[in-house]
$ cat work-v4.tsv   # TSV, C-alpha atoms
chain	number	residue	atom	x	y	z
A	1	MET	CA	139.78	137.57	102.87
A	2	SER	CA	139.76	141.36	102.65
A	3	ASN	CA	140.39	141.07	98.90
A	4	ARG	CA	137.29	139.00	98.53
A	5	ILE	CA	135.21	141.49	100.39
A	6	ASN	CA	136.62	144.30	98.25
A	7	GLY	CA	135.80	142.25	95.20
A	8	ALA	CA	132.20	141.89	96.30
A	9	ASP	CA	132.04	145.62	96.98
A	10	ASN	CA	133.30	146.36	93.48
A	11	VAL	CA	130.63	144.17	91.95
A	12	LEU	CA	128.04	146.04	93.97
A	13	VAL	CA	129.43	149.43	92.92
A	14	ASP	CA	129.53	148.27	89.30
A	15	SER	CA	125.93	147.11	89.29
A	16	GLY	CA	124.94	150.30	91.10
A	17	LYS	CA	126.61	152.41	88.43
A	18	ARG	CA	125.08	150.38	85.65
A	19	GLY	CA	121.67	150.68	87.30
A	20	LEU	CA	122.05	154.44	87.62
A	21	LYS	CA	122.88	154.65	83.92
A	22	LYS	CA	119.95	152.43	82.98
A	23	GLY	CA	117.71	154.55	85.20
A	24	MET	CA	118.73	157.71	83.36
A	25	ILE	CA	118.24	156.02	79.98
A	26	THR	CA	114.77	154.83	81.01
A	27	LEU	CA	113.91	158.27	82.33
A	28	TRP	CA	114.97	159.81	79.04
A	29	LYS	CA	112.90	157.29	77.03
A	30	LEU	CA	109.98	158.05	79.31
A	31	THR	CA	110.40	161.80	79.04
A	32	LYS	CA	110.35	161.59	75.26
A	33	ILE	CA	106.86	160.09	75.47
A	34	VAL	CA	105.34	161.69	78.56
A	35	VAL	CA	106.12	165.28	77.56
A	36	PRO	CA	104.61	165.19	74.05
A	37	VAL	CA	101.56	163.33	75.39
A	38	TYR	CA	101.14	165.92	78.12
A	39	PHE	CA	101.25	168.68	75.49
A	40	PHE	CA	98.86	166.72	73.28
A	41	VAL	CA	96.27	166.17	76.00
A	42	THR	CA	96.57	169.74	77.26
A	43	PHE	CA	95.95	170.86	73.67
A	44	LEU	CA	92.90	168.57	73.40
A	45	LYS	CA	91.64	169.99	76.67
A	46	MET	CA	92.11	173.66	75.84
A	47	SER	CA	90.82	173.35	72.28
A	48	HIS	CA	87.69	171.62	73.65
A	49	ALA	CA	88.32	168.56	71.45
A	50	LEU	CA	88.46	166.56	74.68
A	51	ASP	CA	84.90	167.63	75.46
A	52	THR	CA	83.72	166.16	72.16
A	53	ILE	CA	85.63	162.91	72.75
A	54	SER	CA	84.24	162.78	76.29
A	55	ILE	CA	80.66	163.09	75.11
A	56	TRP	CA	81.12	160.23	72.63
A	57	PHE	CA	82.63	157.86	75.13
A	58	GLU	CA	80.64	158.90	78.20
A	59	PRO	CA	78.04	156.09	77.98
A	60	ALA	CA	80.60	153.29	77.55
A	61	MET	CA	82.92	154.72	80.19
A	62	GLN	CA	80.12	154.97	82.73
A	63	ILE	CA	80.08	151.17	83.02
A	64	ILE	CA	83.61	151.29	84.39
A	65	GLY	CA	83.00	154.39	86.46
A	66	LEU	CA	85.18	156.72	84.44
A	67	PRO	CA	84.55	160.10	82.84
A	68	GLY	CA	84.46	160.15	79.03
A	69	GLU	CA	87.79	161.93	78.77
A	70	ALA	CA	89.54	158.97	80.45
A	71	SER	CA	88.98	157.00	77.24
A	72	VAL	CA	92.01	158.90	75.91
A	73	VAL	CA	94.10	157.42	78.76
A	74	LEU	CA	92.99	153.88	77.92
A	75	VAL	CA	93.62	154.31	74.21
A	76	LEU	CA	97.09	155.80	74.74
A	77	GLY	CA	98.04	153.08	77.24
A	78	ASN	CA	96.92	150.21	75.04
A	79	PHE	CA	98.17	151.58	71.73
A	80	ILE	CA	101.40	153.24	72.87
A	81	ASN	CA	102.50	152.36	76.40
A	82	LEU	CA	102.03	153.03	80.10
A	83	TYR	CA	104.22	156.11	80.03
A	84	ALA	CA	101.88	157.72	77.53
A	85	SER	CA	98.89	156.96	79.73
A	86	ILE	CA	100.72	158.32	82.79
A	87	GLY	CA	101.31	161.54	80.87
A	88	ALA	CA	97.60	161.72	80.09
A	89	ILE	CA	96.48	160.91	83.67
A	90	ALA	CA	98.85	163.56	85.01
A	91	SER	CA	97.24	166.19	82.79
A	92	MET	CA	93.67	165.37	83.88
A	93	THR	CA	91.81	165.91	87.12
A	94	LEU	CA	90.61	162.51	88.32
A	95	THR	CA	89.49	161.15	91.67
A	96	ILE	CA	91.44	158.46	93.53
A	97	LYS	CA	88.76	155.91	92.65
A	98	GLN	CA	89.02	156.77	88.98
A	99	ILE	CA	92.81	156.61	89.07
A	100	THR	CA	92.66	153.24	90.82
A	101	ILE	CA	90.29	151.82	88.21
A	102	LEU	CA	92.45	153.14	85.38
A	103	SER	CA	95.62	151.77	87.02
A	104	VAL	CA	94.22	148.27	87.47
A	105	MET	CA	92.75	148.17	83.98
A	106	LEU	CA	95.94	149.43	82.40
A	107	SER	CA	98.22	147.19	84.40
A	108	PHE	CA	96.39	144.19	82.96
A	109	SER	CA	96.27	145.57	79.45
A	110	HIS	CA	98.85	147.91	77.96
A	111	SER	CA	101.34	148.29	75.06
A	112	LEU	CA	99.33	145.68	73.18
A	113	PHE	CA	101.24	145.96	69.90
A	114	LEU	CA	104.69	145.72	71.40
A	115	GLU	CA	104.03	143.18	74.10
A	116	SER	CA	101.91	140.89	71.94
A	117	ALA	CA	104.81	140.77	69.49
A	118	VAL	CA	107.13	139.81	72.36
A	119	ALA	CA	104.73	137.14	73.62
A	120	LYS	CA	104.36	135.77	70.10
A	121	ARG	CA	108.09	135.02	70.03
A	122	THR	CA	107.61	132.43	72.76
A	123	GLY	CA	105.00	130.65	70.65
A	124	VAL	CA	101.67	131.61	72.24
A	125	SER	CA	99.00	133.11	69.98
A	126	ILE	CA	98.53	136.86	69.84
A	127	ALA	CA	94.75	136.48	69.81
A	128	LEU	CA	94.85	134.55	73.09
A	129	VAL	CA	97.15	137.11	74.69
A	130	VAL	CA	95.04	140.09	73.64
A	131	PHE	CA	91.82	138.31	74.62
A	132	ILE	CA	93.09	137.50	78.13
A	133	ARG	CA	94.38	141.01	78.71
A	134	LEU	CA	91.37	142.94	77.43
A	135	THR	CA	88.94	140.67	79.27
A	136	LEU	CA	90.85	141.11	82.52
A	137	ALA	CA	90.91	144.87	82.04
A	138	VAL	CA	87.21	145.28	81.28
A	139	VAL	CA	86.01	142.83	83.94
A	140	SER	CA	88.24	144.39	86.60
A	141	GLY	CA	87.02	147.86	85.60
A	142	ILE	CA	83.37	146.86	85.95
A	143	ILE	CA	83.92	145.07	89.27
A	144	LEU	CA	86.00	147.86	90.79
A	145	ASN	CA	83.41	150.43	89.78
A	146	ILE	CA	80.82	148.47	91.77
A	147	VAL	CA	83.00	147.58	94.77
A	148	LEU	CA	84.95	150.79	95.34
B	149	MET	CA	92.78	179.19	72.63
B	150	ASP	CA	95.36	181.08	74.63
B	151	PHE	CA	98.75	179.91	73.33
B	152	VAL	CA	100.80	181.32	76.21
B	153	LEU	CA	98.54	179.65	78.74
B	154	PHE	CA	98.79	176.40	76.79
B	155	MET	CA	102.61	176.47	76.74
B	156	LYS	CA	102.78	177.42	80.41
B	157	GLU	CA	100.44	174.67	81.53
B	158	SER	CA	102.10	172.04	79.32
B	159	ILE	CA	105.66	172.91	80.28
B	160	LEU	CA	105.02	173.24	84.02
B	161	GLY	CA	102.82	170.15	84.20
B	162	SER	CA	105.02	167.88	82.13
B	163	SER	CA	108.25	168.87	83.83
B	164	SER	CA	106.78	168.23	87.26
B	165	SER	CA	105.64	164.78	86.05
B	166	VAL	CA	109.12	164.01	84.73
B	167	LEU	CA	110.65	165.11	88.01
B	168	THR	CA	108.36	162.82	90.00
B	169	MET	CA	109.24	159.94	87.71
B	170	ALA	CA	112.96	160.62	88.06
B	171	LYS	CA	112.64	160.28	91.83
B	172	ILE	CA	111.18	156.81	91.39
B	173	ILE	CA	112.74	155.37	88.24
B	174	ILE	CA	116.42	156.10	88.90
B	175	PRO	CA	116.63	154.57	92.42
B	176	LEU	CA	114.43	151.68	91.26
B	177	MET	CA	116.65	150.80	88.31
B	178	THR	CA	119.73	150.98	90.51
B	179	VAL	CA	118.25	148.59	93.05
B	180	MET	CA	117.02	146.22	90.33
B	181	GLU	CA	120.44	146.06	88.71
B	182	ILE	CA	122.03	145.23	92.07
B	183	LEU	CA	119.35	142.57	92.65
B	184	LYS	CA	120.04	141.08	89.25
B	185	ASP	CA	123.77	140.77	89.96
B	186	SER	CA	123.48	139.47	93.51
B	187	ASN	CA	122.05	136.06	94.29
B	188	VAL	CA	118.87	137.44	95.84
B	189	LEU	CA	116.97	135.97	92.89
B	190	ASP	CA	117.98	132.42	93.87
B	191	LYS	CA	116.55	133.02	97.33
B	192	ILE	CA	113.30	134.34	95.90
B	193	SER	CA	113.19	131.25	93.66
B	194	ASN	CA	113.19	129.01	96.71
B	195	LYS	CA	110.43	130.97	98.38
B	196	ILE	CA	108.23	130.93	95.33
B	197	SER	CA	108.40	127.19	94.64
B	198	PRO	CA	105.13	126.43	96.53
B	199	ILE	CA	103.35	128.81	94.14
B	200	ALA	CA	104.93	127.01	91.18
B	201	LYS	CA	103.62	123.75	92.56
B	202	PHE	CA	100.15	125.24	92.96
B	203	LEU	CA	100.23	126.50	89.36
B	204	ASN	CA	101.45	123.08	88.27
B	205	ILE	CA	104.59	124.22	86.49
B	206	SER	CA	108.01	122.56	86.71
B	207	ASN	CA	110.92	123.98	88.68
B	208	ASN	CA	112.60	124.96	85.42
B	209	ALA	CA	109.81	127.44	84.86
B	210	ILE	CA	110.38	129.29	88.14
B	211	PHE	CA	113.37	131.30	87.00
B	212	PRO	CA	111.69	132.70	83.85
B	213	LEU	CA	108.60	133.37	85.97
B	214	ILE	CA	110.53	135.50	88.42
B	215	ILE	CA	112.51	137.33	85.74
B	216	GLY	CA	109.31	138.21	83.89
B	217	LEU	CA	107.47	139.10	87.07
B	218	ILE	CA	110.14	141.52	88.24
B	219	PHE	CA	111.91	142.75	85.11
B	220	GLY	CA	109.19	142.57	82.49
B	221	LEU	CA	107.80	140.63	79.59
B	222	SER	CA	110.75	141.14	77.23
B	223	TYR	CA	113.27	139.81	79.74
B	224	GLY	CA	110.91	137.01	80.74
B	225	ALA	CA	110.23	136.06	77.13
B	226	GLY	CA	113.97	136.12	76.44
B	227	VAL	CA	114.65	133.69	79.27
B	228	ILE	CA	111.67	131.54	78.25
B	229	ILE	CA	112.88	131.29	74.66
B	230	GLU	CA	116.34	130.38	75.91
B	231	SER	CA	114.99	127.67	78.22
B	232	ALA	CA	112.65	126.35	75.56
B	233	GLU	CA	115.55	126.01	73.14
B	234	GLU	CA	117.47	124.03	75.72
B	235	ASN	CA	114.37	121.86	76.04
B	236	ASN	CA	113.96	122.60	79.71
B	237	LEU	CA	110.38	123.73	79.31
B	238	SER	CA	107.45	121.60	78.26
B	239	LYS	CA	104.77	123.15	76.09
B	240	ARG	CA	102.44	123.10	79.07
B	241	ASP	CA	104.95	125.02	81.15
B	242	LEU	CA	105.38	127.50	78.36
B	243	TYR	CA	101.68	128.22	77.98
B	244	THR	CA	101.05	128.37	81.72
B	245	LEU	CA	103.98	130.73	82.16
B	246	MET	CA	102.89	133.03	79.38
B	247	VAL	CA	99.30	133.20	80.60
B	248	PHE	CA	100.66	134.30	83.97
B	249	LEU	CA	103.17	136.74	82.52
B	250	VAL	CA	100.91	138.52	80.05
B	251	ALA	CA	98.57	139.34	82.93
B	252	CYS	CA	101.29	140.17	85.39
B	253	HIS	CA	104.80	141.36	84.58
B	254	ALA	CA	107.27	144.09	85.49
B	255	VAL	CA	105.26	144.48	88.67
B	256	ILE	CA	107.70	146.81	90.35
B	257	GLU	CA	108.07	149.33	87.56
B	258	ASP	CA	104.46	149.26	86.34
B	259	THR	CA	103.07	149.56	89.84
B	260	LEU	CA	105.33	152.45	90.81
B	261	LEU	CA	104.37	154.36	87.65
B	262	PHE	CA	100.77	154.36	88.82
B	263	VAL	CA	101.79	155.22	92.38
B	264	VAL	CA	103.32	158.37	90.87
B	265	VAL	CA	99.87	159.50	89.75
B	266	GLY	CA	98.17	158.53	93.02
B	267	ALA	CA	97.19	154.83	92.96
B	268	SER	CA	97.69	152.64	96.01
B	269	LEU	CA	100.77	150.44	95.71
B	270	TRP	CA	99.62	147.39	97.68
B	271	PHE	CA	96.11	147.42	96.26
B	272	LEU	CA	97.38	147.48	92.68
B	273	LEU	CA	100.14	144.92	93.24
B	274	GLY	CA	97.82	142.65	95.24
B	275	ILE	CA	95.01	142.63	92.68
B	276	ARG	CA	97.35	142.00	89.80
B	277	LEU	CA	99.16	139.11	91.51
B	278	ILE	CA	96.02	137.44	92.84
B	279	VAL	CA	94.14	137.67	89.55
B	280	ALA	CA	97.16	136.39	87.59
B	281	ILE	CA	97.52	133.42	89.96
B	282	ILE	CA	93.81	132.60	89.68
B	283	ILE	CA	93.63	132.67	85.88
B	284	THR	CA	96.91	130.77	85.58
B	285	TYR	CA	95.55	128.12	87.95
B	286	PHE	CA	92.53	127.62	85.71
B	287	ALA	CA	94.66	127.78	82.57
B	288	SER	CA	96.90	125.03	83.88
B	289	ARG	CA	93.86	122.87	84.67
B	290	VAL	CA	92.50	123.42	81.16
B	291	LEU	CA	95.90	122.70	79.64
B	292	ASN	CA	95.96	119.40	81.49
B	293	LYS	CA	92.89	118.36	79.61
B	294	ILE	CA	93.55	119.55	76.09
B	295	GLU	CA	96.47	118.90	73.81
B	296	ILE	CA	98.22	121.93	72.50
B	297	LYS	CA	98.84	121.99	68.81
B	298	ASP	CA	102.50	121.63	67.90
B	299	LYS	CA	102.66	124.42	65.38
B	300	ALA	CA	102.90	127.11	68.02
B	301	MET	CA	106.45	126.28	69.09
B	302	LEU	CA	108.94	128.99	68.12

$ encode --input "work-v4.tsv" --output "C-alpha cells"
Amino acid sequence: MSNRINGADNVLVDSGKRGLKKGMITLWKLTKIVVPVYFFVTFLKMSHALDTISIWFEPAMQIIGLPGEASVVLVLGNFINLYASIGAIASMTLTIKQITILSVMLSFSHSLFLESAVAKRTGVSIALVVFIRLTLAVVSGIILNIVL
Amino acid sequence: MDFVLFMKESILGSSSSVLTMAKIIIPLMTVMEILKDSNVLDKISNKISPIAKFLNISNNAIFPLIIGLIFGLSYGAGVIIESAEENNLSKRDLYTLMVFLVACHAVIEDTLLFVVVGASLWFLLGIRLIVAIIITYFASRVLNKIEIKDKAML
C-alpha cells in the first residue's frame, strides 16, 4: 500500500521535474525572440521609423481602434509568433482597451506560417485555415472597438 | 539617436519582460506536465462530452479536442493524425475539429502571455472559447450538408 503511494509520488515528482525543464526550455526559446524584438522595436521608436510606419497605417488601424504603431505588433504576431508580438507590446505604451483588442485579434490569428503548416498535415486546406483566422481577427477587432 | 539611451531602454525593458514571463511560464509548464501524466484529462473528457454532442462530433474526437485546446495545435494535430490513421475519426470529425482548433488552441499558454502585458484573463479566454464554439457549430451544420472532397485526407 505504502509502496503504491510512493510510486504515485515518484510519478508526480518526475512529471514536475520534466515540466520544470520544459518550462526553462520554453522560456529560453521565448527569450531568444522577445529580446531581439524588444531591441528592434525600441530602435524603430528611437530612430523615428515607427512614426513613419504609424502614419501609413493610421487610417486602417483606426477601424480597429488601434494606433498606427500597433500594426507592427500585428505583423510580428502573424508572421513570427505571439512571443514576438508580446515583445513589441511590452515596448509600446498602449491603453488597456488597445491591449485587449490586440490580444483578442492575435489569439485568433497568429504564427500563420507555422501553424498553417501544422494544420495542413491533418488534411484541411491552408486557405480555409488562414481565411477563418484572419476573418475572426478583423471582425473581433472591429466589434471590440465599438463595444469597449 | 542616443545609443546609450537605446541600449539602456532595450536591456532594462526586455529583461523585465523576460522576468515576468519566467514567473508565468515555468510554473505553468510544470503544472501542465503533471496534468498530462495524471488522469485529470480523462475527467475533463467526461465533462466536455455535452459540448462535443452540441458540436456534433463523435466521442473519439474529444481527446484530440482537449489536447489541442490545452496543449496547442501541434500536439492536437499530432493526436488527430494518429487517430485518423487508426480510422477513429471521420472526415467530418476531422474538419469540425480543425475549424475549432485553428480558432482556439493552447488556451492556457496563449492567454497567460497576454495577461503578462495587461489583458484580462477571463475576458480573453471567454471570447475565444465562445467564438470558437459558435463557428464550429455552424461549420458542423455546413459539413452535414456538403460532401468533403476525398483528396484532402493526409

$ interface_residues --input "work-v4.tsv" --of "chain A" --to "chain B" --cutoff "8 Å" --atoms "all atoms listed in the file" --output "mmCIF file with C-alpha atoms, keeping the file's coordinate frame"
data_model
loop_
_atom_site.group_PDB
_atom_site.id
_atom_site.type_symbol
_atom_site.label_atom_id
_atom_site.label_comp_id
_atom_site.auth_asym_id
_atom_site.auth_seq_id
_atom_site.Cartn_x
_atom_site.Cartn_y
_atom_site.Cartn_z
ATOM 1 C CA VAL A 11 130.630 144.170 91.950
ATOM 2 C CA LEU A 12 128.040 146.040 93.970
ATOM 3 C CA SER A 15 125.930 147.110 89.290
ATOM 4 C CA GLY A 16 124.940 150.300 91.100
ATOM 5 C CA LYS A 17 126.610 152.410 88.430
ATOM 6 C CA ARG A 18 125.080 150.380 85.650
ATOM 7 C CA GLY A 19 121.670 150.680 87.300
ATOM 8 C CA LEU A 20 122.050 154.440 87.620
ATOM 9 C CA LYS A 22 119.950 152.430 82.980
ATOM 10 C CA GLY A 23 117.710 154.550 85.200
ATOM 11 C CA MET A 24 118.730 157.710 83.360
ATOM 12 C CA THR A 26 114.770 154.830 81.010
ATOM 13 C CA LEU A 27 113.910 158.270 82.330
ATOM 14 C CA THR A 31 110.400 161.800 79.040
ATOM 15 C CA VAL A 34 105.340 161.690 78.560
ATOM 16 C CA VAL A 35 106.120 165.280 77.560
ATOM 17 C CA TYR A 38 101.140 165.920 78.120
ATOM 18 C CA PHE A 39 101.250 168.680 75.490
ATOM 19 C CA THR A 42 96.570 169.740 77.260
ATOM 20 C CA PHE A 43 95.950 170.860 73.670
ATOM 21 C CA MET A 46 92.110 173.660 75.840
ATOM 22 C CA SER A 47 90.820 173.350 72.280
ATOM 23 C CA LEU A 82 102.030 153.030 80.100
ATOM 24 C CA TYR A 83 104.220 156.110 80.030
ATOM 25 C CA ILE A 86 100.720 158.320 82.790
ATOM 26 C CA GLY A 87 101.310 161.540 80.870
ATOM 27 C CA ILE A 89 96.480 160.910 83.670
ATOM 28 C CA ALA A 90 98.850 163.560 85.010
ATOM 29 C CA SER A 91 97.240 166.190 82.790
ATOM 30 C CA ILE A 96 91.440 158.460 93.530
ATOM 31 C CA ILE A 99 92.810 156.610 89.070
ATOM 32 C CA THR A 100 92.660 153.240 90.820
ATOM 33 C CA SER A 103 95.620 151.770 87.020
ATOM 34 C CA VAL A 104 94.220 148.270 87.470
ATOM 35 C CA SER A 107 98.220 147.190 84.400
ATOM 36 C CA PHE A 108 96.390 144.190 82.960
ATOM 37 C CA SER A 109 96.270 145.570 79.450
ATOM 38 C CA GLU A 115 104.030 143.180 74.100
ATOM 39 C CA VAL A 118 107.130 139.810 72.360
ATOM 40 C CA ALA A 119 104.730 137.140 73.620
ATOM 41 C CA ARG A 121 108.090 135.020 70.030
ATOM 42 C CA THR A 122 107.610 132.430 72.760
ATOM 43 C CA GLY A 123 105.000 130.650 70.650
ATOM 44 C CA VAL A 124 101.670 131.610 72.240
ATOM 45 C CA SER A 125 99.000 133.110 69.980
ATOM 46 C CA VAL A 129 97.150 137.110 74.690
ATOM 47 C CA ILE A 132 93.090 137.500 78.130
ATOM 48 C CA ARG A 133 94.380 141.010 78.710
ATOM 49 C CA LEU A 136 90.850 141.110 82.520
#

$ atom_distance --input "work-v4.tsv" --atom1 "atom CA of A:Gly77" --atom2 "atom CA of B:Trp270"
21.3 Å

$ atom_distance --input "work-v4.tsv" --atom1 "atom CA of B:Lys195" --atom2 "atom CA of B:Asn292"
25.1 Å

$ residues_around --input "work-v4.tsv" --residues "A:Ser111" --least-positions-apart "4" --cutoff "6 Å" --atoms "all atoms listed in the file" --output "number ranges by chain"
A: 78-81, 115

$ atom_distance --input "work-v4.tsv" --atom1 "atom CA of B:Leu260" --atom2 "atom CA of B:Thr168"
10.8 Å

$ residues_around --input "work-v4.tsv" --residues "B:Ile196" --least-positions-apart "4" --cutoff "9 Å" --atoms "all atoms listed in the file" --output "list of chain:residue names"
B:Lys191, B:Ile192, B:Ala200, B:Lys201, B:Ile210, B:Ile214

$ write_last_selection --input "work-v4.tsv" --atoms "C-alpha atoms" --output "compact mmCIF listing (two decimals), keeping the file's coordinate frame"
# COMPACT_ATOMS: atom_id res chain seq x y z
CA LYS B 191 116.55 133.02 97.33
CA ILE B 192 113.30 134.34 95.90
CA ALA B 200 104.93 127.01 91.18
CA LYS B 201 103.62 123.75 92.56
CA ILE B 210 110.38 129.29 88.14
CA ILE B 214 110.53 135.50 88.42

$ closest_residue --input "work-v4.tsv" --among "A:Ala117, A:Leu144, A:Glu69, A:Gln62" --to "A:His48" --atoms "only C-alpha atoms"
A:Glu69

$ decode --input "work-v4.tsv" --residues "stretch 3-54 of chain A" --atoms "C-alpha atoms" --output "mmCIF file, in the first residue's frame"
data_model
loop_
_atom_site.group_PDB
_atom_site.id
_atom_site.type_symbol
_atom_site.label_atom_id
_atom_site.label_comp_id
_atom_site.auth_asym_id
_atom_site.auth_seq_id
_atom_site.Cartn_x
_atom_site.Cartn_y
_atom_site.Cartn_z
ATOM 1 C CA ASN A 3 4.764 1.388 -1.918
ATOM 2 C CA ARG A 4 1.966 2.275 -4.239
ATOM 3 C CA ILE A 5 1.591 5.691 -2.740
ATOM 4 C CA ASN A 6 5.350 6.239 -3.009
ATOM 5 C CA GLY A 7 5.151 5.135 -6.610
ATOM 6 C CA ALA A 8 2.462 7.696 -7.343
ATOM 7 C CA ASP A 9 4.543 10.360 -5.610
ATOM 8 C CA ASN A 10 7.533 9.499 -7.767
ATOM 9 C CA VAL A 11 5.490 9.849 -10.923
ATOM 10 C CA LEU A 12 4.352 13.250 -9.710
ATOM 11 C CA VAL A 13 7.905 14.329 -8.884
ATOM 12 C CA ASP A 14 9.086 13.056 -12.269
ATOM 13 C CA SER A 15 6.451 14.962 -14.197
ATOM 14 C CA GLY A 16 7.137 18.016 -12.045
ATOM 15 C CA LYS A 17 10.835 17.855 -12.880
ATOM 16 C CA ARG A 18 10.140 17.327 -16.549
ATOM 17 C CA GLY A 19 7.715 20.245 -16.515
ATOM 18 C CA LEU A 20 10.278 22.475 -14.848
ATOM 19 C CA LYS A 21 12.802 21.567 -17.533
ATOM 20 C CA LYS A 22 10.282 22.167 -20.308
ATOM 21 C CA GLY A 23 9.383 25.487 -18.703
ATOM 22 C CA MET A 24 13.010 26.600 -18.771
ATOM 23 C CA ILE A 25 13.405 25.450 -22.381
ATOM 24 C CA THR A 26 10.264 27.357 -23.396
ATOM 25 C CA LEU A 27 11.446 30.424 -21.515
ATOM 26 C CA TRP A 28 14.771 30.255 -23.321
ATOM 27 C CA LYS A 29 13.064 29.894 -26.729
ATOM 28 C CA LEU A 30 10.872 32.836 -25.813
ATOM 29 C CA THR A 31 13.763 34.965 -24.622
ATOM 30 C CA LYS A 32 15.582 34.418 -27.894
ATOM 31 C CA ILE A 33 12.663 36.039 -29.705
ATOM 32 C CA VAL A 34 11.326 38.593 -27.230
ATOM 33 C CA VAL A 35 14.671 40.263 -26.550
ATOM 34 C CA PRO A 36 15.692 40.910 -30.181
ATOM 35 C CA VAL A 37 12.152 42.103 -30.976
ATOM 36 C CA TYR A 38 12.240 44.442 -27.997
ATOM 37 C CA PHE A 39 15.550 45.869 -29.250
ATOM 38 C CA PHE A 40 14.158 46.096 -32.780
ATOM 39 C CA VAL A 41 11.012 47.975 -31.783
ATOM 40 C CA THR A 42 12.916 50.258 -29.420
ATOM 41 C CA PHE A 43 15.241 51.029 -32.332
ATOM 42 C CA LEU A 44 12.271 51.746 -34.621
ATOM 43 C CA LYS A 45 10.854 54.007 -31.943
ATOM 44 C CA MET A 46 14.010 55.977 -31.226
ATOM 45 C CA SER A 47 15.010 56.311 -34.882
ATOM 46 C CA HIS A 48 11.508 57.657 -35.629
ATOM 47 C CA ALA A 49 10.930 54.904 -38.225
ATOM 48 C CA LEU A 50 7.948 53.866 -36.110
ATOM 49 C CA ASP A 51 6.423 57.307 -36.618
ATOM 50 C CA THR A 52 6.559 56.819 -40.386
ATOM 51 C CA ILE A 53 5.043 53.333 -40.153
ATOM 52 C CA SER A 54 2.372 54.694 -37.807
#
